[in-house]
Every structure is written in C-alpha cells, then in structure tokens.
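Heads up, input_19.pdb below (PDB, C-alpha atoms):
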ATOM      1  CA  MET A   1      37.499 -42.177  48.443
ATOM      2  CA  LYS A   2      34.575 -41.316  46.181
ATOM      3  CA  SER A   3      36.994 -39.912  43.597
ATOM      4  CA  TYR A   4      38.890 -43.217  43.522
ATOM      5  CA  SER A   5      35.605 -45.115  43.042
ATOM      6  CA  ARG A   6      34.610 -42.869  40.161
ATOM      7  CA  LEU A   7      38.046 -43.334  38.588
ATOM      8  CA  ALA A   8      37.862 -47.115  38.947
ATOM      9  CA  LEU A   9      34.385 -47.138  37.409
ATOM     10  CA  CYS A  10      35.533 -45.077  34.424
ATOM     11  CA  LEU A  11      38.530 -47.322  33.908
ATOM     12  CA  SER A  12      36.305 -50.403  34.020
ATOM     13  CA  LEU A  13      33.869 -48.970  31.485
ATOM     14  CA  ALA A  14      36.716 -47.962  29.172
ATOM     15  CA  LEU A  15      38.275 -51.421  29.436
ATOM     16  CA  ALA A  16      34.931 -53.097  28.699
ATOM     17  CA  ALA A  17      34.367 -50.886  25.666
ATOM     18  CA  ALA A  18      37.871 -51.630  24.403
ATOM     19  CA  LEU A  19      37.339 -55.384  24.797
ATOM     20  CA  TYR A  20      33.987 -55.184  23.012
ATOM     21  CA  LEU A  21      35.409 -53.270  20.074
ATOM     22  CA  SER A  22      38.403 -55.585  19.894
ATOM     23  CA  GLY A  23      36.141 -58.628  19.846
ATOM     24  CA  ALA A  24      33.873 -57.143  17.219
ATOM     25  CA  HIS A  25      36.864 -56.314  15.032
ATOM     26  CA  GLY A  26      38.285 -59.804  15.477
ATOM     27  CA  LYS A  27      34.976 -61.341  14.380
ATOM     28  CA  SER A  28      34.429 -59.109  11.364
ATOM     29  CA  ALA A  29      37.883 -59.516   9.815
ATOM     30  CA  PRO A  30      37.572 -63.240   8.962
ATOM     31  CA  GLY A  31      34.163 -62.635   7.460
ATOM     32  CA  LEU A  32      35.556 -59.864   5.294
ATOM     33  CA  PHE A  33      38.448 -62.055   4.157
ATOM     34  CA  ALA A  34      36.041 -64.886   3.359
ATOM     35  CA  VAL A  35      33.990 -62.592   1.125
ATOM     36  CA  GLN A  36      37.133 -61.403  -0.640
ATOM     37  CA  ALA A  37      38.338 -64.977  -1.151
ATOM     38  CA  ALA A  38      34.974 -66.025  -2.553
ATOM     39  CA  ALA A  39      35.010 -63.076  -4.930
ATOM     40  CA  GLN A  40      38.474 -64.044  -6.109
ATOM     41  CA  ASP A  41      37.362 -67.632  -6.716
ATOM     42  CA  GLN A  42      34.365 -66.495  -8.736
ATOM     43  CA  ALA A  43      36.113 -63.754 -10.708
ATOM     44  CA  PRO A  44      39.907 -64.210 -10.849
ATOM     45  CA  PRO A  45      41.940 -61.159 -11.776
ATOM     46  CA  ASP A  46      42.986 -60.582 -15.355
ATOM     47  CA  GLN A  47      45.907 -62.883 -16.183
ATOM     48  CA  GLY A  48      47.184 -60.612 -18.901
ATOM     49  CA  PRO A  49      48.329 -61.747 -22.364
ATOM     50  CA  ASP A  50      48.580 -65.483 -22.973
ATOM     51  CA  PRO A  51      52.313 -66.303 -23.221
ATOM     52  CA  ALA A  52      51.539 -69.435 -25.270
ATOM     53  CA  ALA A  53      49.935 -67.305 -27.983
ATOM     54  CA  VAL A  54      53.388 -67.236 -29.610
ATOM     55  CA  ASN A  55      52.833 -70.900 -30.528
ATOM     56  CA  GLN A  56      50.491 -69.809 -33.315
ATOM     57  CA  ALA A  57      51.777 -68.336 -36.551
ATOM     58  CA  GLU A  58      50.613 -64.932 -37.663
ATOM     59  CA  GLY A  59      47.805 -65.006 -40.167
ATOM     60  CA  PRO A  60      44.855 -62.892 -41.299
ATOM     61  CA  SER A  61      41.636 -63.228 -39.371
ATOM     62  CA  GLY A  62      39.451 -66.016 -40.744
ATOM     63  CA  GLN A  63      36.031 -67.494 -40.310
ATOM     64  CA  SER A  64      34.815 -69.001 -37.068
ATOM     65  CA  TYR A  65      36.550 -72.161 -35.962
ATOM     66  CA  THR A  66      33.352 -74.027 -35.140
ATOM     67  CA  THR A  67      30.793 -72.794 -37.641
ATOM     68  CA  GLU A  68      32.160 -74.218 -40.872
ATOM     69  CA  ALA A  69      31.800 -77.985 -41.326
ATOM     70  CA  PRO A  70      34.113 -80.316 -43.284
ATOM     71  CA  PRO A  71      33.256 -81.209 -46.891
ATOM     72  CA  PRO A  72      30.243 -83.501 -47.409
ATOM     73  CA  ALA A  73      30.635 -87.188 -48.195
ATOM     74  CA  GLY A  74      32.079 -87.814 -51.622
ATOM     75  CA  GLN A  75      34.032 -84.570 -51.767
ATOM     76  CA  GLY A  76      37.816 -84.739 -51.623
ATOM     77  CA  PRO A  77      39.652 -83.636 -48.488
ATOM     78  CA  ASP A  78      40.541 -79.975 -48.159
ATOM     79  CA  ASP A  79      43.496 -80.499 -45.812
ATOM     80  CA  SER A  80      46.280 -80.549 -48.420
ATOM     81  CA  ASN A  81      47.362 -77.047 -47.424
ATOM     82  CA  TYR A  82      47.156 -77.713 -43.690
ATOM     83  CA  ALA A  83      48.259 -81.296 -42.921
ATOM     84  CA  GLU A  84      50.543 -84.143 -43.937
ATOM     85  CA  GLN A  85      49.340 -86.559 -46.583
ATOM     86  CA  PRO A  86      47.204 -89.399 -45.137
ATOM     87  CA  THR A  87      49.125 -92.550 -44.247
ATOM     88  CA  GLN A  88      46.285 -94.815 -43.059
ATOM     89  CA  GLU A  89      42.634 -95.414 -43.934
ATOM     90  CA  ALA A  90      39.808 -97.197 -42.155
ATOM     91  CA  THR A  91      36.121 -97.789 -42.783
ATOM     92  CA  GLU A  92      35.093 -97.472 -39.125
ATOM     93  CA  ALA A  93      35.394 -94.536 -36.765
ATOM     94  CA  PRO A  94      38.141 -94.535 -34.136
ATOM     95  CA  PRO A  95      36.996 -94.848 -30.494
ATOM     96  CA  PRO A  96      36.656 -91.763 -28.290
ATOM     97  CA  LEU A  97      39.757 -90.472 -26.552
ATOM     98  CA  PRO A  98      40.316 -92.119 -23.154
ATOM     99  CA  GLU A  99      40.968 -90.227 -19.943
ATOM    100  CA  TYR A 100      44.420 -90.849 -18.499
ATOM    101  CA  VAL A 101      47.110 -89.377 -16.249
ATOM    102  CA  GLN A 102      50.157 -87.697 -17.705
ATOM    103  CA  PRO A 103      53.480 -88.891 -16.238
ATOM    104  CA  PRO A 104      55.675 -86.106 -14.831
ATOM    105  CA  ALA A 105      57.996 -84.305 -17.215
ATOM    106  CA  PRO A 106      61.403 -86.048 -17.080
ATOM    107  CA  ASP A 107      63.533 -82.925 -17.484
ATOM    108  CA  ASP A 108      63.635 -79.456 -18.994
ATOM    109  CA  GLY A 109      63.150 -79.232 -22.740
ATOM    110  CA  TYR A 110      60.897 -82.255 -23.303
ATOM    111  CA  ILE A 111      57.612 -81.817 -25.212
ATOM    112  CA  TRP A 112      54.461 -83.805 -24.445
ATOM    113  CA  THR A 113      53.078 -85.700 -27.453
ATOM    114  CA  PRO A 114      49.520 -86.896 -26.714
ATOM    115  CA  GLY A 115      48.305 -90.445 -27.242
ATOM    116  CA  TYR A 116      46.137 -91.348 -30.241
ATOM    117  CA  TRP A 117      44.348 -94.232 -31.955
ATOM    118  CA  ALA A 118      46.260 -95.820 -34.827
ATOM    119  CA  TRP A 119      45.164 -98.518 -37.283
ATOM    120  CA  GLY A 120      46.922-101.868 -36.982
ATOM    121  CA  PRO A 121      46.566-105.506 -38.052
ATOM    122  CA  TYR A 122      43.645-106.025 -35.654
ATOM    123  CA  GLY A 123      41.887-102.696 -35.886
ATOM    124  CA  TYR A 124      42.425 -99.586 -33.804
ATOM    125  CA  TYR A 125      45.124 -99.632 -31.152
ATOM    126  CA  TRP A 126      46.241 -96.913 -28.742
ATOM    127  CA  VAL A 127      49.649 -95.298 -29.119
ATOM    128  CA  PRO A 128      50.514 -94.054 -25.611
ATOM    129  CA  GLY A 129      51.213 -90.420 -24.937
ATOM    130  CA  VAL A 130      54.869 -89.789 -24.179
ATOM    131  CA  TRP A 131      57.356 -87.023 -23.396
ATOM    132  CA  VAL A 132      59.691 -86.491 -26.359
ATOM    133  CA  GLU A 133      62.971 -84.663 -26.636
ATOM    134  CA  PRO A 134      62.403 -82.392 -29.657
ATOM    135  CA  PRO A 135      64.740 -82.704 -32.634
ATOM    136  CA  TYR A 136      65.826 -79.048 -32.462
ATOM    137  CA  VAL A 137      65.464 -76.014 -30.213
ATOM    138  CA  GLY A 138      62.188 -74.205 -30.773
ATOM    139  CA  ALA A 139      60.391 -77.260 -32.162
ATOM    140  CA  LEU A 140      56.714 -77.710 -31.288
ATOM    141  CA  TRP A 141      54.641 -80.819 -31.926
ATOM    142  CA  THR A 142      51.477 -80.658 -34.038
ATOM    143  CA  PRO A 143      49.574 -83.905 -33.342
ATOM    144  CA  GLY A 144      48.110 -86.043 -36.090
ATOM    145  CA  TYR A 145      44.366 -86.611 -36.457
ATOM    146  CA  TRP A 146      41.708 -88.733 -38.145
ATOM    147  CA  GLY A 147      39.451 -87.054 -40.717
ATOM    148  CA  PHE A 148      36.223 -88.390 -42.212
ATOM    149  CA  TYR A 149      35.872 -87.917 -45.978
ATOM    150  CA  GLY A 150      33.941 -89.845 -48.597
ATOM    151  CA  GLY A 151      32.740 -92.496 -46.167
ATOM    152  CA  ARG A 152      36.256 -93.337 -44.967
ATOM    153  CA  TYR A 153      38.525 -92.243 -42.124
ATOM    154  CA  SER A 154      42.011 -91.024 -43.041
ATOM    155  CA  TRP A 155      44.955 -90.499 -40.684
ATOM    156  CA  TYR A 156      47.004 -87.327 -41.104
ATOM    157  CA  PRO A 157      50.263 -87.791 -39.140
ATOM    158  CA  GLY A 158      51.779 -85.139 -36.900
ATOM    159  CA  HIS A 159      54.885 -83.083 -37.521
ATOM    160  CA  TRP A 160      57.389 -80.758 -35.854
ATOM    161  CA  GLY A 161      57.497 -77.037 -36.564
ATOM    162  CA  PHE A 162      58.132 -73.608 -35.090
ATOM    163  CA  HIS A 163      54.375 -73.020 -34.710
ATOM    164  CA  ILE A 164      51.379 -75.251 -34.080
ATOM    165  CA  GLY A 165      49.498 -76.307 -37.188
ATOM    166  CA  PHE A 166      46.082 -77.822 -37.758
ATOM    167  CA  TYR A 167      45.254 -81.028 -35.871
ATOM    168  CA  GLY A 168      41.600 -81.416 -36.671
ATOM    169  CA  GLY A 169      40.293 -79.399 -33.743
ATOM    170  CA  ILE A 170      40.740 -82.471 -31.542
ATOM    171  CA  ASN A 171      40.986 -81.825 -27.804
ATOM    172  CA  TYR A 172      43.797 -84.215 -26.890
ATOM    173  CA  GLY A 173      44.206 -82.593 -23.483
ATOM    174  CA  PHE A 174      47.377 -81.500 -21.681
ATOM    175  CA  GLY A 175      47.397 -78.159 -23.485
ATOM    176  CA  TYR A 176      46.277 -79.440 -26.900
ATOM    177  CA  ILE A 177      42.800 -77.991 -26.573
ATOM    178  CA  GLY A 178      41.919 -78.160 -30.280
ATOM    179  CA  LEU A 179      43.573 -74.942 -31.425
ATOM    180  CA  GLY A 180      47.167 -73.987 -30.696
ATOM    181  CA  TYR A 181      49.021 -75.346 -27.678
ATOM    182  CA  GLU A 182      48.647 -74.108 -24.096
ATOM    183  CA  GLY A 183      51.081 -76.489 -22.426
ATOM    184  CA  GLY A 184      54.055 -74.152 -22.706
ATOM    185  CA  TYR A 185      56.220 -72.093 -25.028
ATOM    186  CA  TRP A 186      59.840 -71.518 -26.050
ATOM    187  CA  ASN A 187      61.683 -68.427 -24.860
ATOM    188  CA  ALA A 188      65.393 -67.682 -25.437
ATOM    189  CA  GLY A 189      66.172 -71.325 -26.140
ATOM    190  CA  HIS A 190      64.354 -72.680 -23.074
ATOM    191  CA  PHE A 191      60.922 -74.268 -22.826
ATOM    192  CA  PHE A 192      58.555 -72.899 -20.183
ATOM    193  CA  TYR A 193      55.877 -75.279 -18.859
ATOM    194  CA  ASN A 194      52.326 -74.341 -17.937
ATOM    195  CA  ARG A 195      51.473 -76.038 -14.625
ATOM    196  CA  VAL A 196      47.770 -75.859 -15.429
ATOM    197  CA  TYR A 197      48.082 -78.468 -18.196
ATOM    198  CA  ASN A 198      51.190 -80.452 -17.294
ATOM    199  CA  ASN A 199      52.322 -82.787 -14.537
ATOM    200  CA  ILE A 200      55.400 -80.921 -13.316
ATOM    201  CA  ASN A 201      57.924 -81.840 -10.637
ATOM    202  CA  ALA A 202      59.418 -78.508  -9.592
ATOM    203  CA  ARG A 203      62.588 -80.238  -8.380
ATOM    204  CA  VAL A 204      63.262 -81.430 -11.933
ATOM    205  CA  VAL A 205      61.714 -78.768 -14.173
ATOM    206  CA  ARG A 206      62.669 -75.176 -13.379
ATOM    207  CA  ASN A 207      60.933 -72.996 -15.982
ATOM    208  CA  VAL A 208      57.255 -73.036 -15.023
ATOM    209  CA  TYR A 209      54.255 -70.696 -14.976
ATOM    210  CA  SER A 210      50.471 -70.922 -14.601
ATOM    211  CA  TYR A 211      47.915 -69.649 -17.075
ATOM    212  CA  HIS A 212      44.280 -70.767 -17.413
ATOM    213  CA  ALA A 213      43.365 -70.581 -21.083
ATOM    214  CA  ASN A 214      39.838 -71.854 -20.354
ATOM    215  CA  VAL A 215      38.353 -72.777 -23.748
ATOM    216  CA  ARG A 216      38.912 -69.535 -25.619
ATOM    217  CA  VAL A 217      42.064 -68.823 -27.587
ATOM    218  CA  ASN A 218      42.372 -65.666 -29.684
ATOM    219  CA  ASN A 219      38.608 -65.151 -29.357
ATOM    220  CA  VAL A 220      37.932 -68.567 -30.920
ATOM    221  CA  HIS A 221      35.646 -70.815 -28.869
ATOM    222  CA  VAL A 222      36.795 -74.440 -28.757
ATOM    223  CA  ASN A 223      34.150 -76.987 -27.788
ATOM    224  CA  ASN A 224      34.421 -80.469 -29.241
ATOM    225  CA  ASN A 225      32.626 -82.624 -26.688
ATOM    226  CA  VAL A 226      29.833 -84.600 -28.325
ATOM    227  CA  ARG A 227      26.853 -86.197 -26.603
ATOM    228  CA  VAL A 228      26.129 -89.749 -27.796
ATOM    229  CA  ASN A 229      23.284 -91.659 -26.115
ATOM    230  CA  ASN A 230      23.231 -89.012 -23.361
ATOM    231  CA  THR A 231      26.927 -89.608 -22.689
ATOM    232  CA  VAL A 232      29.527 -86.901 -23.250
ATOM    233  CA  VAL A 233      32.507 -88.274 -25.182
ATOM    234  CA  ARG A 234      35.702 -86.754 -26.552
ATOM    235  CA  PRO A 235      35.795 -87.486 -30.294
ATOM    236  CA  SER A 236      39.106 -88.566 -31.752
ATOM    237  CA  TYR A 237      38.333 -87.583 -35.349
ATOM    238  CA  ARG A 238      37.190 -84.673 -37.472
ATOM    239  CA  GLY A 239      33.934 -84.692 -39.441
ATOM    240  CA  GLY A 240      31.330 -87.424 -39.702
ATOM    241  CA  PRO A 241      28.084 -87.597 -37.729
ATOM    242  CA  ASN A 242      29.694 -87.530 -34.258
ATOM    243  CA  GLY A 243      33.136 -86.055 -34.980
ATOM    244  CA  VAL A 244      34.552 -82.620 -34.300
ATOM    245  CA  GLN A 245      33.142 -80.035 -36.703
ATOM    246  CA  SER A 246      36.195 -77.857 -37.272
ATOM    247  CA  HIS A 247      37.776 -75.858 -40.045
ATOM    248  CA  PRO A 248      41.463 -74.892 -40.403
ATOM    249  CA  GLN A 249      42.298 -71.373 -39.323
ATOM    250  CA  PRO A 250      44.559 -69.032 -41.351
ATOM    251  CA  GLN A 251      47.282 -69.139 -38.689
ATOM    252  CA  GLU A 252      47.319 -72.936 -38.914
ATOM    253  CA  GLY A 253      47.789 -72.765 -42.659
ATOM    254  CA  ALA A 254      50.600 -70.253 -42.161
ATOM    255  CA  ALA A 255      52.296 -72.641 -39.715
ATOM    256  CA  TYR A 256      52.153 -75.470 -42.248
ATOM    257  CA  ARG A 257      53.798 -73.349 -44.929
ATOM    258  CA  GLU A 258      56.783 -72.774 -42.643
ATOM    259  CA  PRO A 259      59.727 -75.217 -42.496
ATOM    260  CA  THR A 260      58.604 -78.380 -40.692
ATOM    261  CA  ALA A 261      60.007 -81.806 -39.883
ATOM    262  CA  PRO A 262      58.289 -85.221 -39.942
ATOM    263  CA  ARG A 263      58.061 -87.676 -37.079
ATOM    264  CA  MET A 264      61.381 -88.880 -35.740
ATOM    265  CA  THR A 265      62.464 -92.510 -36.015
ATOM    266  CA  THR A 266      61.931 -92.941 -32.275
ATOM    267  CA  GLN A 267      58.320 -91.809 -32.638
ATOM    268  CA  VAL A 268      57.679 -94.175 -35.542
ATOM    269  CA  GLN A 269      59.176 -97.082 -33.607
ATOM    270  CA  HIS A 270      57.127 -96.129 -30.547
ATOM    271  CA  ALA A 271      53.911 -96.489 -32.561
ATOM    272  CA  GLN A 272      55.038 -99.703 -34.224
ATOM    273  CA  ASN A 273      56.007-101.327 -30.930
ATOM    274  CA  TYR A 274      52.554-100.859 -29.430
ATOM    275  CA  SER A 275      50.890-102.279 -32.539
ATOM    276  CA  GLN A 276      52.148-105.649 -31.260
ATOM    277  CA  VAL A 277      50.627-105.278 -27.771
ATOM    278  CA  ARG A 278      47.269-106.996 -27.474
ATOM    279  CA  GLY A 279      46.047-104.837 -24.576
ATOM    280  CA  GLN A 280      46.319-101.690 -26.671
ATOM    281  CA  TYR A 281      43.662-102.764 -29.196
ATOM    282  CA  ALA A 282      40.150-101.387 -28.826
ATOM    283  CA  THR A 283      38.692-104.844 -29.486
ATOM    284  CA  GLU A 284      40.459-106.024 -26.330
ATOM    285  CA  ASN A 285      40.397-103.016 -24.009
ATOM    286  CA  HIS A 286      36.958-101.600 -24.989
ATOM    287  CA  GLY A 287      38.367 -98.083 -25.188
ATOM    288  CA  ARG A 288      40.573 -98.354 -22.082
ATOM    289  CA  PRO A 289      44.155 -99.065 -23.186
ATOM    290  CA  ALA A 290      46.394-101.138 -20.939
ATOM    291  CA  THR A 291      49.102 -98.476 -21.291
ATOM    292  CA  PRO A 292      47.555 -95.054 -21.972
ATOM    293  CA  ALA A 293      50.812 -93.165 -21.340
ATOM    294  CA  GLU A 294      54.478 -94.141 -21.424
ATOM    295  CA  SER A 295      56.658 -93.031 -18.505
ATOM    296  CA  ARG A 296      59.947 -93.508 -20.373
ATOM    297  CA  PRO A 297      60.682 -90.476 -22.588
ATOM    298  CA  LEU A 298      61.830 -90.683 -26.197
ATOM    299  CA  ARG A 299      65.190 -89.239 -27.146
ATOM    300  CA  ALA A 300      65.731 -86.816 -29.997
ATOM    301  CA  ASP A 301      66.865 -87.778 -33.463
ATOM    302  CA  PRO A 302      69.623 -85.252 -34.261
ATOM    303  CA  ASN A 303      69.302 -85.943 -37.993
ATOM    304  CA  VAL A 304      65.802 -84.487 -38.197
ATOM    305  CA  ARG A 305      65.788 -80.871 -39.319
ATOM    306  CA  PRO A 306      63.019 -78.570 -40.545
ATOM    307  CA  GLN A 307      62.662 -78.332 -44.303
ATOM    308  CA  GLN A 308      60.767 -75.931 -46.497
ATOM    309  CA  ARG A 309      57.979 -77.600 -48.431
ATOM    310  CA  SER A 310      58.214 -77.734 -52.188
ATOM    311  CA  GLY A 311      54.416 -77.536 -52.417
ATOM    312  CA  GLY A 312      51.225 -78.187 -50.505
ATOM    313  CA  GLY A 313      50.664 -81.494 -48.784
ATOM    314  CA  GLY A 314      53.926 -83.162 -47.958
ATOM    315  CA  ARG A 315      57.671 -82.888 -48.165
ATOM    316  CA  PRO A 316      60.324 -84.996 -49.834
ATOM    317  CA  GLY A 317      61.901 -87.678 -47.667
ATOM    318  CA  GLY A 318      61.432 -88.384 -43.973
ATOM    319  CA  HIS A 319      58.983 -90.570 -42.085
ATOM    320  CA  ARG A 320      55.301 -90.238 -42.770
TER
END
Please express what this file holds, its structure, as structure tokens.
Amino acid sequence: MKSYSRLALCLSLALAAALYLSGAHGKSAPGLFAVQAAAQDQAPPDQGPDPAAVNQAEGPSGQSYTTEAPPPAGQGPDDSNYAEQPTQEATEAPPPLPEYVQPPAPDDGYIWTPGYWAWGPYGYYWVPGVWVEPPYVGALWTPGYWGFYGGRYSWYPGHWGFHIGFYGGINYGFGYIGLGYEGGYWNAGHFFYNRVYNNINARVVRNVYSYHANVRVNNVHVNNNVRVNNTVVRPSYRGGPNGVQSHPQPQEGAAYREPTAPRMTTQVQHAQNYSQVRGQYATENHGRPATPAESRPLRADPNVRPQQRSGGGGRPGGHR
C-alpha cells in the first residue's frame, strides 16, 4: 500500500513539473517571436541588388547629386545636353506638387506618367497623372520639369527612352524619386511593377515585386523637400530660392544621348484638354487640382519611334 502511495506521489510530482515546464515554454515562445519581429521591423534583411537600377544608363561616376547648384541668375541654362528644349516660360514659380492617389494600373505594360504643372492661358494648371501605354517595348518615361534661369522659369518637356534621363531632381512620387525610376523595370519584353510605389491590382497585373529604395539610389542621396514658413513642401521646379538644388548626373546625360522619342499625340492632347478645365488652375484650386489623376489610360501612338539625336538639345520632328 505504501509503495502505491509513493508511486502516486512521484507520478503527481512528475506531472506537475511537466505542466510547469510546458507552461513556461508556452509563455516564452511568443515573447521570443515578438522580439524577432521587432528586430525585423527595425532592421529588415538585405534586399539585394535593386532590379530597377537597369533603368539608368551606364556612365562614369560624377559629382554629388545634391551639392552642386544650378547656374546663378543671368547665366544661360546648362541643360542642353540633358533635356529637351524649353517649350514654355513663366515669370512666377509653379506651385508645390500636390499629394494625390494613383489609380490602379489598368493592365500589364502600362507606364505611370506623373502629373505636373503646365502654363496655360490663365496661369499654371495641373495636368493629371495618368497610366500610358508606351509607344514601343522597353520604353521608359522621363518626366518634364521646370527650371529657374535668369529670373524666369522654363519648362523642359518629358520624353521616352530606353533609360531614365534628367528630370530636374524633382520627386514626383510613384517611383520617380528625383533620380532614376523605382516604379518598375523591363525584362524580356515584359514590365515588372514595384508594389512599393504603385497601386497594383494583382488580378489584373501579374508581374510584380517589392523593393524599398528608400531615398538612396546608387549611393546618391535624394532629398528635395524644402521648408517654407515652417511647412515642408515638395518643390515642382529646379533652382531658384526654394527649388530643388540638383545637378545632372553622368548616367542621365548618357541616357539623353541614346535614341529617344518625344511625347505622343495622346499625351499632348491630354495636356491641352485640361488647359480648358477651370478647376485645374492654381488660381482656382489653390494648389489642389479638381482632377489630380486620370483613371482612364492613354493608348500608344504606334508611329512614335526612338530616334538618334543629331546634336545636343532636341531632335528633328515630333511633338515638343
């Protein structure tokens, strides 16, 4: 009888110890996982090479992107080897870039072209951002930009090319962070979209990936937010007292010397149509356009093809 009592006591003690250890283990595991999750949030693993780095042409290493300012007032522009010839001029600075939501990509192969301020009959008006079917496979969009020179603001229109050129260092958003393009890249005739910078519907767009470029591309720090009256704004122009202080990089010059194509007819008509809309003008919307982005995509113009430039600053024919 005593032996059975001793056996029962031992079994009870063993069971209690097992329950205690099991409970302690069950309590410690979530805490351990929480620490690991917090560490991952604070220091994400190395993402590896940036796949969108292929959007930039190869070029020799140059000076810092943010340390060299544009020419002083009175000096001629130095963008003839980097950008299209100016098509518009204004005596007042364009408004800051507005914040807006990108509509979802309509299908595979469309490229996002960001919105911008254009000069119209009644001052600055906003041309909505829109998804555009590129004119040829492999085409990337280099946005246009405003530059301040000699007391005036000049508009350098965008163009299509196999690599991203200079767009004034302007952070248009959605992958156009001021240098290069992080919204996606071409691979084997298909465009791959970066979820981090684009509004993607996975049921419509199949080729997707995620890569956080942060604000550093090829070891070049991009920071073009400016504080005006204690308010952080996103400048929409290069140079001037409150504009982006940027300088073209060698790879951007190399991209411009490659075959490029001007804006398509659909893009020109898109800008012209909104010049007639009262709610798009800054004098009416106070920097908040009635239509910041267009949900209907623009179709490709099959007659637009890349052409080699005969010299710096422009190409014969095409829309400017």
What would the selection look like, as a compact mmCIF listing (two decimals) with C-alpha atoms, in the coordinates of the input, if the PyMOL selection byres ((chain A and resi 163) around 12) were run on the coordinates I just shared?
# COMPACT_ATOMS: atom_id res chain seq x y z
CA ALA A 52 51.54 -69.44 -25.27
CA ALA A 53 49.94 -67.31 -27.98
CA VAL A 54 53.39 -67.24 -29.61
CA ASN A 55 52.83 -70.90 -30.53
CA GLN A 56 50.49 -69.81 -33.32
CA ALA A 57 51.78 -68.34 -36.55
CA GLU A 58 50.61 -64.93 -37.66
CA GLY A 59 47.80 -65.01 -40.17
CA GLY A 138 62.19 -74.20 -30.77
CA ALA A 139 60.39 -77.26 -32.16
CA LEU A 140 56.71 -77.71 -31.29
CA TRP A 141 54.64 -80.82 -31.93
CA THR A 142 51.48 -80.66 -34.04
CA PRO A 143 49.57 -83.90 -33.34
CA HIS A 159 54.88 -83.08 -37.52
CA TRP A 160 57.39 -80.76 -35.85
CA GLY A 161 57.50 -77.04 -36.56
CA PHE A 162 58.13 -73.61 -35.09
CA ILE A 164 51.38 -75.25 -34.08
CA GLY A 165 49.50 -76.31 -37.19
CA PHE A 166 46.08 -77.82 -37.76
CA LEU A 179 43.57 -74.94 -31.42
CA GLY A 180 47.17 -73.99 -30.70
CA TYR A 181 49.02 -75.35 -27.68
CA TYR A 185 56.22 -72.09 -25.03
CA TRP A 186 59.84 -71.52 -26.05
CA GLN A 251 47.28 -69.14 -38.69
CA GLU A 252 47.32 -72.94 -38.91
CA GLY A 253 47.79 -72.76 -42.66
CA ALA A 254 50.60 -70.25 -42.16
CA ALA A 255 52.30 -72.64 -39.72
CA TYR A 256 52.15 -75.47 -42.25
CA ARG A 257 53.80 -73.35 -44.93
CA GLU A 258 56.78 -72.77 -42.64
CA PRO A 259 59.73 -75.22 -42.50
CA THR A 260 58.60 -78.38 -40.69
CA ALA A 261 60.01 -81.81 -39.88
CA PRO A 306 63.02 -78.57 -40.54
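Across the model, the gap from atom CA of Tyr153 of chain A to atom CA of Glu89 of chain A is 5.5 Å.
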* **Long-range neighbours of segment 204-212 of chain A as number ranges by chain, 12 Å cut-off, all atoms listed in the file, 6 positions minimum in chain** => A: 44-53, 104-110, 174-175, 177, 182-198
* **Which of A:Pro157, A:Pro135, A:Gly151, A:Pro96 sits closest to Val304 of chain A [using only C-alpha atoms]** => A:Pro135
* Out of A:Tyr100, A:Trp131, A:Trp126, A:Trp112, which residue has the shortest atom-to-atom distance to Asn285 of chain A when counting all atoms listed in the file? -> A:Trp126
* Asked: With only C-alpha atoms as the basis for distance, which of A:Gln85, A:Gln102, A:Gln308, A:Thr91 is at the shortest distance from Arg296 of chain A?
  ->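 Looking at the shortest contact to Arg296 of chain A, the residue is A:Gln102.
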* To do: Compile the contact shell of Ala300 of chain A as a list of chain:residue names: residues with an atom at most 10 Å away, counting only C-alpha atoms, same-chain residues fewer than 5 positions apart removed.
  => A:Tyr110, A:Val132, A:Glu133, A:Pro134, A:Pro135, A:Tyr136, A:Met264, A:Thr265, A:Thr266, A:Gln267
* Closest to His270 of chain A among A:Pro297, A:Pro302, A:Pro289, A:Gly173, using all atoms listed in the file? ->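 The answer is A:Pro297, which sits nearest to His270 of chain A.
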* atom CA of Pro94 of chain A to atom CA of Leu298 of chain A: how many Å, to one decimal? ->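 Between these atoms lies a distance of 25.3 Å.
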* **Pick from A:Tyr82, A:Tyr237, A:Tyr122, A:Tyr281, whichever lies nearest to Trp155 of chain A using all atoms listed in the file** =>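 Using all atoms listed in the file, the shortest distance to Trp155 of chain A belongs to A:Tyr237.
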* Would you kindly return, as a list in words, each protein, DNA or RNA residue with an atom no farther than 12 Å from any atom of Gln88 of chain A, considering only C-alpha atoms and excluding same-chain residues fewer than 6 positions away? =>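 Residues meeting the cut-off are Trp117, Ala118, Trp119, Gly120, Pro121, Gly123, Tyr124, Gly144, Tyr145, Trp146, Gly147, Phe148, Arg152, Tyr153, Ser154, Trp155, Tyr156, Pro157 and Arg320 of chain A.
Atom CA of Ser275 of chain A lies 14.4 Å from atom CA of Ala293 of chain A.
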